[in-house]
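Visitor: To start, I am sharing the structure in question, which I have written as structure tokens.
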2 protein chains.
Amino acid sequence: MMSTQIQLVSRPTGWPTADNFRTIVVELPELVPGQVRVQNEFISVDPYMRGRMNDVRSYIPPFGIRETMTGGAIGRVLESTVDDIAVGDVVSHQFGWRDIVQEDAKGFRVVQEIPGVPLSAYLGILGMTALTAYVGLLDIAEMKEGDVVFVSGAAGAVGSAVGQIARLKGASRVIGSAGSAEKVELLTGKYGFDAAFNYKDGAVRKQLATAAPDGIDVYFDNVGGDHLEAALASFNNGGRAALCGAISVYNNTEAPVGPKNMANIISRALTLKGFTVGGYFGRMPAFAAEMTEWLKNGDVVFDETVVDGIDHAVDAFFAMMNGQNTGKMVVRI
Amino acid sequence: MMSTQIQLVSRPTGWPTADNFRTIVVELPELVPGQVRVQNEFISVDPYMRGRMNDVRSYIPPFGIRETMTGGAIGRVLESTVDDIAVGDVVSHQFGWRDIVQEDAKGFRVVQEIPGVPLSAYLGILGMTALTAYVGLLDIAEMKEGDVVFVSGAAGAVGSAVGQIARLKGASRVIGSAGSAEKVELLTGKYGFDAAFNYKDGAVRKQLATAAPDGIDVYFDNVGGDHLEAALASFNNGGRAALCGAISVYNNTEAPVGPKNMANIISRALTLKGFTVGGYFGRMPAFAAEMTEWLKNGDVVFDETVVDGIDHAVDAFFAMMNGQNTGKMVVRI
């Protein structure tokens, strides 16, 4: 059996290009005891992957060169040598950008399907994406009932989950920013944000100040740059920021300029806390239980942008980096 | 009885000047029941006072215009109308820049003198200054045994206390920066820092990297600017910064540029936490008990720079802002 896989072959400088990747087809050997073979149904493309393409010190090591791109994926078991994973089971894993994956069984987690919920949701609203939202909002930013919450990149997969979880957990006001009028409309119309603005319409600082006349208590940062500076300007005393992503600067070739108003961190006793979800897998059961309930009750909605074919994984990644997705971007295999 | 007092009369733009202050002499009325009258012996001049001269949103409200400068001070009771404060008692308070103070008794705290310890120490190593160091290092940055700790402005009153407390609490390496060769010598020679450098000798980032070959875990920031950027570059995963002061930018008239490497906060899961000691008075008993022991055992040493005369309070403040002090800067009345 053949497996088509996408590899990183060089580290991008600035925006990644197709030249940074290659497609290989490998013949899979017979299964050895302990392994399973899985037909992927969906693979995930995520903003954090841009960071892993650089060779920098980080909690998560950089992607290897001439190694197959890893990342979230979900599929069905074709063949198994272990007792607790059966042929036909749905499994999620981190083996990433390939159509057929064959690895040690320990790398797979069997998923219980929920009727009416597509498998792709296990990469988004029921997977690492929304776990990131949940952990960042509740554990990192320690959101409390009554807080005013601001989310940047709010129409993205993480951001739209943050906004909805904030509302369900009792935020007094939820504000989001996005990069188009359509996305802003989604935020207030579909995801239940109290206010939203298009960051391309004017200075973020000014737009945020208007949307949050009483200041903000929590900021969930997917964007960095001028969004972080705006949040520092609008923070109330004791404000807390969960720094999750900085898509505005990921592809900069020159070092970006930091916020001008760092001194507010002292005078208002603010906390800025960076995180990557990898350290918080232990929160998956609590998250999954709550999110499953919310989905069943219709309290949480989600969008997906689906691109077809492993051969379009790189294009899907580029489109996501350009903000062409709404909600979770996945590749259907 | 007359009281000489220093008032702020205008808000400085950039470096404060003598014109921003005035001296007034007021006649004190008879004591009313509930009041005490105190002869100040020492008043404190501190970097944070520069921040309070600006009219900005903060945990601590700005100094009032044409109001007497408040701040830490210690003196002896001349007259009392209450049972629990006697004539001759030593009291600390926050009524600041005046020779004689007459206020409600609730504003004064009776201090037990320690033989051999000058009263000025209650403004520094036994007062708010070293409480700031203690809270910032242990509560805000959550220093643990084995951590590598970096302190900027390390020869100052707060910084020298931070370095010594870090060593006593089991830091594996304590590194300090200061602004002259003499201060650097003090850090390693007197205060027990493992390494120190003069930030004027070259790029902070490079000097810190050399002094901390295995990275840093905790950063206590008195300086801001390039020092904070250097710390972000040297942080190990999970690093924590207590942001206490930003003396490098207090007098900027243009907004300073923030750190270029804010993205490290995410990739290394760092925490930056600003604080002002005002929220942590509850830690005073624990701090005072530990510090008193350390002082008695000779485990902690301290320096003071003493300027004589209430009329020189403003000059003392300027000298401190220029780094002309070693250790705690106080004005003897």
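Going through the structure tokens in order, the chains are called A, B, and so on, while each chain numbers its residues from 1 and the ligands are numbered from 1 in the order shown.
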Looking only at the backbone, which of the residues in stretch 182-252 of chain A does DSSP tag as strand (DSSP E or B), as a PyMOL selection string?
Guide: chain A and resi 195-198+216-221+235-243
Visitor: DSSP on the backbone, helix (DSSP H, G or I) only: what residues of stretch 81-235 of chain A does that give? Format it as a PyMOL selection string.
Guide: chain A and resi 105-107+119-123+128-140+157-168+181-189+199-201+204-211+225-234
Visitor: Identify every residue of chain B that has at least one atom within 6 Å of any atom of chain A, counting only C-alpha atoms, and report the result as an mmCIF file with all heavy atoms, in the first residue's frame.
Guide:
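And here is the file that came out, part25.cif:
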```cif
data_model
loop_
_atom_site.group_PDB
_atom_site.id
_atom_site.type_symbol
_atom_site.label_atom_id
_atom_site.label_comp_id
_atom_site.auth_asym_id
_atom_site.auth_seq_id
_atom_site.Cartn_x
_atom_site.Cartn_y
_atom_site.Cartn_z
ATOM 1 N N SER B 58 -4.064 54.027 36.623
ATOM 2 C CA SER B 58 -3.140 53.150 37.324
ATOM 3 C C SER B 58 -3.794 52.677 38.606
ATOM 4 O O SER B 58 -4.755 53.268 39.089
ATOM 5 C CB SER B 58 -1.847 53.896 37.648
ATOM 6 O OG SER B 58 -1.013 53.129 38.476
ATOM 7 N N TYR B 59 -3.252 51.579 39.148
ATOM 8 C CA TYR B 59 -3.685 51.129 40.464
ATOM 9 C C TYR B 59 -3.534 52.235 41.500
ATOM 10 O O TYR B 59 -4.383 52.440 42.354
ATOM 11 C CB TYR B 59 -2.832 49.929 40.914
ATOM 12 C CG TYR B 59 -3.564 48.628 40.847
ATOM 13 C CD1 TYR B 59 -3.199 47.656 39.928
ATOM 14 C CD2 TYR B 59 -4.629 48.362 41.693
ATOM 15 C CE1 TYR B 59 -3.868 46.448 39.859
ATOM 16 C CE2 TYR B 59 -5.298 47.163 41.639
ATOM 17 C CZ TYR B 59 -4.921 46.205 40.716
ATOM 18 O OH TYR B 59 -5.581 45.018 40.655
ATOM 19 N N LEU B 243 7.470 42.423 36.616
ATOM 20 C CA LEU B 243 7.746 43.763 36.110
ATOM 21 C C LEU B 243 7.423 44.773 37.205
ATOM 22 O O LEU B 243 6.262 44.959 37.572
ATOM 23 C CB LEU B 243 6.935 44.052 34.850
ATOM 24 C CG LEU B 243 7.026 43.025 33.720
ATOM 25 C CD1 LEU B 243 6.425 43.596 32.443
ATOM 26 C CD2 LEU B 243 8.446 42.566 33.471
ATOM 27 N N ALA B 255 6.797 57.755 22.945
ATOM 28 C CA ALA B 255 6.499 56.404 23.400
ATOM 29 C C ALA B 255 7.675 55.499 23.051
ATOM 30 O O ALA B 255 8.167 55.518 21.928
ATOM 31 C CB ALA B 255 5.228 55.902 22.729
ATOM 32 N N PRO B 256 8.150 54.729 24.017
ATOM 33 C CA PRO B 256 9.280 53.843 23.738
ATOM 34 C C PRO B 256 8.833 52.689 22.848
ATOM 35 O O PRO B 256 7.652 52.352 22.783
ATOM 36 C CB PRO B 256 9.654 53.332 25.123
ATOM 37 C CG PRO B 256 8.375 53.382 25.895
ATOM 38 C CD PRO B 256 7.612 54.559 25.360
ATOM 39 N N VAL B 257 9.787 52.117 22.149
ATOM 40 C CA VAL B 257 9.503 50.950 21.323
ATOM 41 C C VAL B 257 9.536 49.713 22.221
ATOM 42 O O VAL B 257 10.417 49.581 23.062
ATOM 43 C CB VAL B 257 10.559 50.854 20.210
ATOM 44 C CG1 VAL B 257 10.479 49.518 19.508
ATOM 45 C CG2 VAL B 257 10.377 52.001 19.236
ATOM 46 N N GLY B 258 8.567 48.836 22.057
ATOM 47 C CA GLY B 258 8.518 47.637 22.883
ATOM 48 C C GLY B 258 9.495 46.586 22.388
ATOM 49 O O GLY B 258 10.121 46.744 21.343
ATOM 50 N N PRO B 259 9.623 45.502 23.162
ATOM 51 C CA PRO B 259 10.543 44.422 22.790
ATOM 52 C C PRO B 259 10.196 43.845 21.414
ATOM 53 O O PRO B 259 9.026 43.648 21.096
ATOM 54 C CB PRO B 259 10.323 43.377 23.877
ATOM 55 C CG PRO B 259 9.699 44.104 25.013
ATOM 56 C CD PRO B 259 8.912 45.227 24.419
ATOM 57 N N LYS B 260 11.233 43.558 20.628
ATOM 58 C CA LYS B 260 11.039 42.985 19.298
ATOM 59 C C LYS B 260 10.632 41.525 19.355
ATOM 60 O O LYS B 260 10.171 40.969 18.368
ATOM 61 C CB LYS B 260 12.351 43.068 18.511
ATOM 62 C CG LYS B 260 12.809 44.472 18.167
ATOM 63 C CD LYS B 260 14.084 44.386 17.331
ATOM 64 C CE LYS B 260 14.501 45.751 16.826
ATOM 65 N NZ LYS B 260 14.871 46.667 17.945
ATOM 66 N N ILE B 265 7.191 34.972 24.107
ATOM 67 C CA ILE B 265 6.267 34.749 25.228
ATOM 68 C C ILE B 265 5.394 33.540 24.934
ATOM 69 O O ILE B 265 5.100 32.739 25.825
ATOM 70 C CB ILE B 265 5.407 36.002 25.488
ATOM 71 C CG1 ILE B 265 6.309 37.198 25.844
ATOM 72 C CG2 ILE B 265 4.398 35.740 26.601
ATOM 73 C CD1 ILE B 265 5.541 38.512 26.022
ATOM 74 N N ILE B 266 4.996 33.397 23.671
ATOM 75 C CA ILE B 266 4.157 32.254 23.299
ATOM 76 C C ILE B 266 4.999 30.983 23.180
ATOM 77 O O ILE B 266 4.716 29.976 23.822
ATOM 78 C CB ILE B 266 3.429 32.512 21.964
ATOM 79 C CG1 ILE B 266 2.594 33.787 22.072
ATOM 80 C CG2 ILE B 266 2.559 31.311 21.578
ATOM 81 C CD1 ILE B 266 1.981 34.224 20.760
ATOM 82 N N SER B 267 6.058 31.056 22.364
ATOM 83 C CA SER B 267 6.761 29.818 22.030
ATOM 84 C C SER B 267 7.438 29.202 23.257
ATOM 85 O O SER B 267 7.621 27.987 23.316
ATOM 86 C CB SER B 267 7.782 30.058 20.924
ATOM 87 O OG SER B 267 8.678 31.088 21.281
ATOM 88 N N ARG B 268 7.790 30.039 24.233
ATOM 89 C CA ARG B 268 8.439 29.489 25.435
ATOM 90 C C ARG B 268 7.513 29.487 26.648
ATOM 91 O O ARG B 268 7.966 29.258 27.776
ATOM 92 C CB ARG B 268 9.707 30.296 25.740
ATOM 93 C CG ARG B 268 10.693 30.265 24.582
ATOM 94 C CD ARG B 268 11.992 30.942 24.923
ATOM 95 N NE ARG B 268 12.728 31.261 23.714
ATOM 96 C CZ ARG B 268 13.788 32.066 23.659
ATOM 97 N NH1 ARG B 268 14.238 32.609 24.778
ATOM 98 N NH2 ARG B 268 14.396 32.308 22.528
ATOM 99 N N ALA B 269 6.244 29.801 26.412
ATOM 100 C CA ALA B 269 5.252 29.793 27.493
ATOM 101 C C ALA B 269 5.714 30.624 28.684
ATOM 102 O O ALA B 269 5.782 30.154 29.820
ATOM 103 C CB ALA B 269 4.896 28.363 27.913
ATOM 104 N N LEU B 270 6.029 31.879 28.402
ATOM 105 C CA LEU B 270 6.506 32.793 29.444
ATOM 106 C C LEU B 270 5.343 33.535 30.100
ATOM 107 O O LEU B 270 4.273 33.650 29.512
ATOM 108 C CB LEU B 270 7.463 33.822 28.827
ATOM 109 C CG LEU B 270 8.617 33.272 27.997
ATOM 110 C CD1 LEU B 270 9.466 34.409 27.427
ATOM 111 C CD2 LEU B 270 9.476 32.316 28.822
ATOM 112 N N THR B 271 5.592 34.015 31.301
ATOM 113 C CA THR B 271 4.621 34.856 32.004
ATOM 114 C C THR B 271 5.285 36.180 32.357
ATOM 115 O O THR B 271 6.354 36.197 32.958
ATOM 116 C CB THR B 271 4.131 34.173 33.294
ATOM 117 O OG1 THR B 271 3.558 32.913 32.963
ATOM 118 C CG2 THR B 271 3.090 35.030 34.008
ATOM 119 N N LEU B 272 4.638 37.278 31.974
ATOM 120 C CA LEU B 272 5.077 38.620 32.368
ATOM 121 C C LEU B 272 4.007 39.189 33.272
ATOM 122 O O LEU B 272 2.838 39.276 32.864
ATOM 123 C CB LEU B 272 5.212 39.538 31.143
ATOM 124 C CG LEU B 272 6.542 39.604 30.405
ATOM 125 C CD1 LEU B 272 6.927 38.235 29.892
ATOM 126 C CD2 LEU B 272 6.460 40.600 29.258
ATOM 127 N N LYS B 273 4.394 39.573 34.460
ATOM 128 C CA LYS B 273 3.386 40.022 35.405
ATOM 129 C C LYS B 273 3.837 41.331 36.044
ATOM 130 O O LYS B 273 4.891 41.403 36.659
ATOM 131 C CB LYS B 273 3.212 38.923 36.466
ATOM 132 C CG LYS B 273 1.906 38.965 37.177
ATOM 133 C CD LYS B 273 1.617 37.648 37.906
ATOM 134 C CE LYS B 273 0.362 37.799 38.725
ATOM 135 N NZ LYS B 273 -0.044 36.576 39.380
ATOM 136 N N GLY B 274 3.032 42.361 35.855
ATOM 137 C CA GLY B 274 3.330 43.636 36.482
ATOM 138 C C GLY B 274 2.702 43.703 37.860
ATOM 139 O O GLY B 274 1.703 43.050 38.130
ATOM 140 N N PHE B 275 3.304 44.499 38.734
ATOM 141 C CA PHE B 275 2.723 44.614 40.077
ATOM 142 C C PHE B 275 3.170 45.929 40.710
ATOM 143 O O PHE B 275 4.179 46.520 40.329
ATOM 144 C CB PHE B 275 3.127 43.441 40.961
ATOM 145 C CG PHE B 275 4.547 43.498 41.465
ATOM 146 C CD1 PHE B 275 4.828 43.782 42.798
ATOM 147 C CD2 PHE B 275 5.604 43.285 40.598
ATOM 148 C CE1 PHE B 275 6.136 43.843 43.253
ATOM 149 C CE2 PHE B 275 6.915 43.351 41.048
ATOM 150 C CZ PHE B 275 7.179 43.627 42.376
#
```
Visitor: I need the residue nearest B:Met291 from this list: B:Val82, B:Met321, B:Leu131, B:Ala73. Use only C-alpha atoms for the distance.
Guide: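 When distances to B:Met291 are compared using only C-alpha atoms, the smallest one comes from B:Leu131.
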Visitor: Please report the interatomic distance between atom CA of A:Gly179 and atom CA of A:Gly153 in Å with one decimal.
Guide: 7.7 Å
Visitor: Expressed in Å to a single decimal, how great is the separation between atom CA of B:Asp214 and atom CA of B:Glu182?
Guide: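 Between atom CA of B:Asp214 and atom CA of B:Glu182 the gap is 26.4 Å.
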Visitor: Would you compute the distance between atom CA of A:Leu208 and atom CA of A:Ala195? Give it in Å to one decimal.
Guide: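 Computing it gives 9.6 Å between the two atoms.
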Visitor: For B:Ser177, please output as a ChimeraX atom specification all residues within 7 Å (counting only C-alpha atoms; exclusion window: fewer than 3 positions along the same chain).
Guide: /B:151-154,196-199
Visitor: Name the closest residue to B:Tyr280 among the candidates B:Val45, B:Val135, B:Gly64, B:Leu123; distances are taken between atoms, counting only C-alpha atoms.
Guide: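 Of the candidates, the smallest distance to B:Tyr280 is held by B:Val135.
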Visitor: Please list as a PyMOL selection string every residue within 6 Å of A:Val38, counting only C-alpha atoms and excluding residues in the same chain fewer than 5 positions away.
Guide: chain A and resi 76-78+100-101
Visitor: Print the selection's residues with N, CA, C and O atoms to a file, as a PDB file, in the first residue's frame.
Guide:
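Printed below is part-v5.pdb as written:
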```
ATOM      1  N   ARG A  76      -9.911   6.516   9.863  1.00  0.00           N
ATOM      2  CA  ARG A  76     -10.498   5.228  10.229  1.00  0.00           C
ATOM      3  C   ARG A  76      -9.439   4.139  10.107  1.00  0.00           C
ATOM      4  O   ARG A  76      -8.630   4.149   9.179  1.00  0.00           O
ATOM      5  N   VAL A  77      -9.511   3.205  11.039  1.00  0.00           N
ATOM      6  CA  VAL A  77      -8.517   2.138  11.094  1.00  0.00           C
ATOM      7  C   VAL A  77      -8.775   1.139   9.963  1.00  0.00           C
ATOM      8  O   VAL A  77      -9.887   0.618   9.809  1.00  0.00           O
ATOM      9  N   LEU A  78      -7.710   0.895   9.180  1.00  0.00           N
ATOM     10  CA  LEU A  78      -7.780  -0.077   8.084  1.00  0.00           C
ATOM     11  C   LEU A  78      -7.319  -1.448   8.549  1.00  0.00           C
ATOM     12  O   LEU A  78      -7.789  -2.478   8.081  1.00  0.00           O
ATOM     13  N   ILE A 100      -2.421   7.908   4.135  1.00  0.00           N
ATOM     14  CA  ILE A 100      -2.432   6.675   4.943  1.00  0.00           C
ATOM     15  C   ILE A 100      -1.318   6.790   5.973  1.00  0.00           C
ATOM     16  O   ILE A 100      -0.193   7.198   5.632  1.00  0.00           O
ATOM     17  N   VAL A 101      -1.635   6.470   7.206  1.00  0.00           N
ATOM     18  CA  VAL A 101      -0.621   6.552   8.256  1.00  0.00           C
ATOM     19  C   VAL A 101      -0.495   5.193   8.939  1.00  0.00           C
ATOM     20  O   VAL A 101      -1.497   4.518   9.200  1.00  0.00           O
TER      21      VAL A 101
END
```
Visitor: Write out as a PyMOL selection string which residues come within 10 Å of A:Arg50 when counting only C-alpha atoms, dropping same-chain ones fewer than 6 positions away.
Guide: chain A and resi 11-12+14-16+62-63+247+250-251+317-318+321
Visitor: Would you mind exporting the chosen residues as a short mmCIF file (atom, residue, chain, number, x, y, z; two decimals), in the first residue's frame, restricted to C-alpha atoms?
Guide:
```
data_model
loop_
_atom_site.label_atom_id
_atom_site.label_comp_id
_atom_site.auth_asym_id
_atom_site.auth_seq_id
_atom_site.Cartn_x
_atom_site.Cartn_y
_atom_site.Cartn_z
CA ARG A 11 12.64 26.76 6.20
CA PRO A 12 10.67 29.72 4.86
CA GLY A 14 8.90 35.41 5.48
CA TRP A 15 5.84 34.00 3.76
CA PRO A 16 6.20 30.29 2.99
CA PRO A 62 10.61 22.78 14.98
CA PHE A 63 9.41 20.59 12.11
CA ILE A 247 -0.32 35.62 13.06
CA TYR A 250 4.67 35.13 11.87
CA ASN A 251 5.83 35.97 8.36
CA PHE A 317 -2.31 26.16 4.74
CA PHE A 318 -1.52 29.28 2.70
CA MET A 321 -2.52 32.07 6.81
#
```
Visitor: Rank B:Phe150, B:Arg167, B:Gly309, B:Val184 by their smallest atom-to-atom distance to B:Ala209, using only C-alpha atoms, and report the top residue only.
Guide: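 Looking only at the distances to B:Ala209, the closest residue turns out to be B:Phe150.
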Visitor: Would you pick out the contacts of B:Arg332 at 12 Å or less, using only C-alpha atoms, so that residues sharing its chain but fewer than 6 positions from it are not included, and give the list as a list in words?
Guide: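 With the cut-off at 12 Å, the set is Gln39, Asn40, Glu41, Phe42, Ile43, Ser44, Val45, Ala73, Ile74, Gly75, Trp97, Arg98, Asp99, Pro118, Leu119, Ser120, Leu123, Glu304, Thr305, Val306, Val307, Asp308, Gly309, Ile310, Asp311, His312, Ala313 and Ala316 of chain B.
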Visitor: Within 10 Å of A:Lys206, counting only C-alpha atoms, which residues show up once you throw out same-chain ones fewer than 6 positions away? Write them as a list of chain:residue names, please.
Guide: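 Those residues are A:Ala212, A:Ala230, A:Ala233, A:Ser234.
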Visitor: Dump N, CA and C atoms for the selected residues as a short mmCIF file (atom, residue, chain, number, x, y, z; two decimals), in the first residue's frame?
Guide:
```
data_model
loop_
_atom_site.label_atom_id
_atom_site.label_comp_id
_atom_site.auth_asym_id
_atom_site.auth_seq_id
_atom_site.Cartn_x
_atom_site.Cartn_y
_atom_site.Cartn_z
N ALA A 212 -15.23 48.88 23.74
CA ALA A 212 -15.10 48.53 25.16
C ALA A 212 -15.00 49.80 26.00
N ALA A 230 -3.22 47.49 21.49
CA ALA A 230 -4.56 48.02 21.77
C ALA A 230 -5.12 47.44 23.06
N ALA A 233 -3.67 49.02 26.03
CA ALA A 233 -4.23 50.36 26.25
C ALA A 233 -5.61 50.29 26.90
N SER A 234 -6.38 49.24 26.60
CA SER A 234 -7.76 49.16 27.09
C SER A 234 -7.90 48.37 28.39
#
```
